[in-house]
Every structure is written in C-alpha cells, then in structure tokens.
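Heads up, the thing below is written out as structure tokens.
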Amino acid sequence: MFEQLQDLPADGLLALIKLYRDDPRPEKVDLGVGVYRDSDGDTPVFRAVKHAEQRLLETQDSKSYLGPEGDPEFVAALRPYIFGAGDGYGTRLRGVQTPGGTGAVRLACETLAEAGASRVLLGTPSWPNHAPIIKACRMEPVPFTHADIATETLDFDALLSAMNAGQAGDVVLLHGCCHNPTGIDYDLGQWAEIAAVVAERGLFPLIDLAYQGLGHGFEEDAAGLRLVIAAVPEAMLAYSCDKNFGLYRERVGALYALSGTAAQADTLYSHLLANARANWSMPPDHGAATVRVILTDDALRGEWDAEVAEMRARLNAMRGALAEYQNVGDIDLAAVGHQNGLFSTLNLSPAQVLAMRASHGIYMAASGRINVAGLNERNIPHVVEALRSVA
Ligand SMILES: Cc1ncc(COP(=O)(O)O)c(C=O)c1O
C-alpha cells in the first residue's frame, strides 16, 4: 500500500530550527520559529502557569476521563475575554475545549462541511495550515489577497470584493488579531464594514483568534471581531491559548459556535461533540486545567495579565526599534511599527532570505516572515545590516 505514496516536502520551519542550532556563529539570529521569546531569546514557562501547575499538582485528585467537550469551566472562564462580559448570547453560544487552535479550526471546518458549507474565502498569505485543514475537510479554499507584501499594505478592497462576490453560506475565515504571517490587521472602521457585508451577503464568519492580548490588549484585540459576531445569527470562533499562556506543547484551545436559536445550538453542540469524539475522543487536560486555575483566581489572573502585558510591550518596542530604520532598499521597515503581534512579512525573495542566512546568520522563513520576538536591542543593528546587504 505504501508504494502508492510519494514523498512530501519537509516542513521548512522545522528544518530551519536544526540549521540554526548547528550554526556556530555567535551573532546568528533566529527569526523563524513562531514562539514568543524574551530579550535573552528564551521561551520560559509563565510564572502564573508555574503557580497554577503547582496548585493542580497539590489538589487534582483524579485523572479519570472527562468528555469530548473537555473542561467546561475552562471554556466558560475564557468566554468573557473573547465575547465580552455579559455577552448576551446565552445558550445560543456554546463552546468546547479543543487540542489547540489547530484542533478548533479543524473541528469548525469539519462541522461546517457537515452542515453543507463548501467554500471558504481565505485571505492570502495566511497561516500555512489553514488551506490544508479546509481541504482535508472537503471544502474549497477561495483565496483573495489579504495584503500586498511588496508594499506591506492591507488590500481591503480585495476582501470586500471577495465577500461581495461570495454566495450565501460561504464561509469567510478572518484572523481576529495579530495576523499571521503579516501582522496587518483591520481597524475598527474596517471591522464594521466587514460586519455589514458579512450580514448583507449571508456569509458565515469563522474567526481564528490565536494571539489575543499580544496586539493592543485583551479588549482591544477582540473589539473588531465582536462587531462581526454581533451582526450575524451564526458564527464560529477558534481560539488558541498556546501563545498568550505560553502553553504551546500542551495544546490548549477552544471552539465557540453561535447559533440562531438555543434549540439549534443544542443540535450543533451534539455535532461538535460527535466530531470531537471521532477525531481525538477528548482533548488533553493539563493545559486547559492550568488556564482554568489562572482565570478563576484573581491573584493568578493578575499575574498572568501582567506577563502578557510585558510580552506585548516588548513586541511593540521591537517593532518600534525596527521601524526607526524607515526604509532599507525596497523593504519598508516603518510599516513593521504599525503591525501587530509576533509576525511581519518583509519584502524579501527566497534568494535574499538565503543570502542573509549565508552572510549574516539570519534565519527566517523563505517567505520573508519574521518573528519579531526574535529581535532584541543587541541584534537589531546586525539584522538591519544583513537587510542592507541584500536590499
Ligand atoms: C492563525 C493561527 N491559527 C491557529 C494556530 C494554531 O495554534 P495552536 O498551536 O494552538 O494549534 C496558529 C499557530 O501558529 C496560528 O498562527
């Protein structure tokens, strides 16, 4: 049977980790892998997470099975962060815990396909796993240009045209904040326009929120998507806690679904549970239990909030420091200062990316995507020098 299979290309970013590790040059810089790093280049466990884990260790008295819905208290504790305190959706809005944001996107797509959806409008470039998940769920990704990389500008007209050309029942996948890989988000006025068109055209919004808190703050990062959800009877939101709690390998996420009526929400919920069961039976517990402990304890929540604020401040400071260089050849570094979250995509060809790796030990994705958290005050001049050498 396996003779039928052909080699698939290895994941470029994972290969980059090994290349970086094996590079002996002390001045090398890793702007590749998509995790937060502090100014020493470390990705430490959050202090709030350590404290919550300690508490779990002392108090957890069983590892018996939960259900396909995971930890309902975790799902409930996260809800006001996303939808606002007292969101008013009642039991029309239901949520289940998932293995990371990836599991949430997968569960959303499977359930939407089951409900009859066949097309997903998807801005490009996007997180590289979006299109494969959509296709794996037997739907068609319908691409439109999210942003022009050469000028690092949002192509809002392309989004509006794609939505206006969409058919009722088409899904539109939107990044809630801190767009991966461009860092280019919609402002509130644009979100309001999106909400109006989505409602008018009968589109189904699927919002992917993987970096809440890393842009401008928890409320600010959710303000736009809330406008869209408020404008429609039905929507889904895929959430990841893996970045804003630093829990990456613990696989912590949730999928929320809004239905037109409470009765429809019950039916939909039964499908979410059945699809979760057929995929992973139930999500891993530890990370979500840790998040639940943090979010339901004032002191731990305060500690976590401060840690996220620290990350956000550092990301924005690095963006500001890079932006001070304005333009390097055709690369608009000033634009990086207006973008959000972990990532920006620079106007670099794969050949230029390779040349920077060879000459200066700068490691980044071939697409020109940089992880802003890989920058620090010491290495920025070296990175800019490398950019100058190829620009
Ligand atoms: C836009 C987006 N969605 C979802 C995910 C998946 O996150 P997780 O690691 O929780 O599966 C990522 C992770 O990189 C992402 O960038």
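Labels used: A, B, ... for chains in the order of the structure tokens, numbers from 1 for residues in each chain, and numbers from 1 for ligands as shown.
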
Listing only residues of chain A within 8 Å of ligand 1, what is the closest atom pair and its distance in Å (to one decimal) for each, using only C-alpha atoms and all ligand atoms, sorted by chain and residue number ascending, as a Markdown table?
| residue | atom | partner | partner_atom_place_in_ligand_line | distance |
| --- | --- | --- | --- | --- |
| A:Gly34 | CA | ligand 1 | 14 (O) | 6.4 |
| A:Pro99 | CA | ligand 1 | 11 (O) | 6.9 |
| A:Gly100 | CA | ligand 1 | 10 (O) | 3.5 |
| A:Gly101 | CA | ligand 1 | 10 (O) | 3.7 |
| A:Thr102 | CA | ligand 1 | 11 (O) | 3.7 |
| A:Gly103 | CA | ligand 1 | 11 (O) | 6.3 |
| A:Ala104 | CA | ligand 1 | 11 (O) | 7.8 |
| A:Val105 | CA | ligand 1 | 4 (C) | 7.1 |
| A:Ser126 | CA | ligand 1 | 1 (C) | 7.3 |
| A:Trp127 | CA | ligand 1 | 1 (C) | 5.1 |
| A:Asn129 | CA | ligand 1 | 4 (C) | 7.8 |
| A:His130 | CA | ligand 1 | 3 (N) | 7.6 |
| A:His175 | CA | ligand 1 | 1 (C) | 6.3 |
| A:His179 | CA | ligand 1 | 1 (C) | 6.6 |
| A:Asn180 | CA | ligand 1 | 16 (O) | 5.2 |
| A:Pro181 | CA | ligand 1 | 16 (O) | 7.5 |
| A:Asp208 | CA | ligand 1 | 3 (N) | 5.7 |
| A:Leu209 | CA | ligand 1 | 3 (N) | 6.6 |
| A:Ala210 | CA | ligand 1 | 3 (N) | 5.1 |
| A:Tyr211 | CA | ligand 1 | 16 (O) | 7.7 |
| A:Ala238 | CA | ligand 1 | 4 (C) | 7.7 |
| A:Tyr239 | CA | ligand 1 | 10 (O) | 7.4 |
| A:Ser240 | CA | ligand 1 | 10 (O) | 4.3 |
| A:Cys241 | CA | ligand 1 | 10 (O) | 6.2 |
| A:Asp242 | CA | ligand 1 | 10 (O) | 4.8 |
| A:Lys243 | CA | ligand 1 | 10 (O) | 7.2 |
| A:Tyr248 | CA | ligand 1 | 9 (O) | 5.7 |
| A:Arg249 | CA | ligand 1 | 9 (O) | 7.6 |
| A:Arg251 | CA | ligand 1 | 10 (O) | 5.7 |
| A:Val252 | CA | ligand 1 | 10 (O) | 5.9 |
| A:Gly253 | CA | ligand 1 | 10 (O) | 5.8 |

query = If we count only C-alpha atoms, what is near stretch 297-308 of chain A at a cut-off of 8 Å, once residues fewer than 2 positions away on the same chain are taken out, given as a list in words?
reply =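 Near neighbours after the sequence-gap exclusion: Phe46, Arg47, Ala48, Val49, His51, Ala52, Gly213, Leu214, Asn244, Phe245, Val293, Ile294, Leu295, Glu310, Met311 and Arg312 of chain A.
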
inquiry  = Using Å and a single decimal, report how far atom CA of A:Met139 sits from atom CA of A:Ser161.
reply    =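 Going from atom CA of A:Ser161 over to atom CA of A:Met139, I get 20.6 Å.
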
request  = Find the residues near A:Met163: any atom within 9 Å, counting only C-alpha atoms, skip ones fewer than 2 places away on the same chain, and give them as a ChimeraX atom specification.
outcome  = /A:121,158-161,165-167,170,172,194,197-198,201,203

key: Those of stretch 143-369 of chain A in DSSP alpha helix (DSSP H), formatted as a ChimeraX atom specification   = /A:156-165,188-201,218-231,262-280,286-295,298-323,333-336,350-360
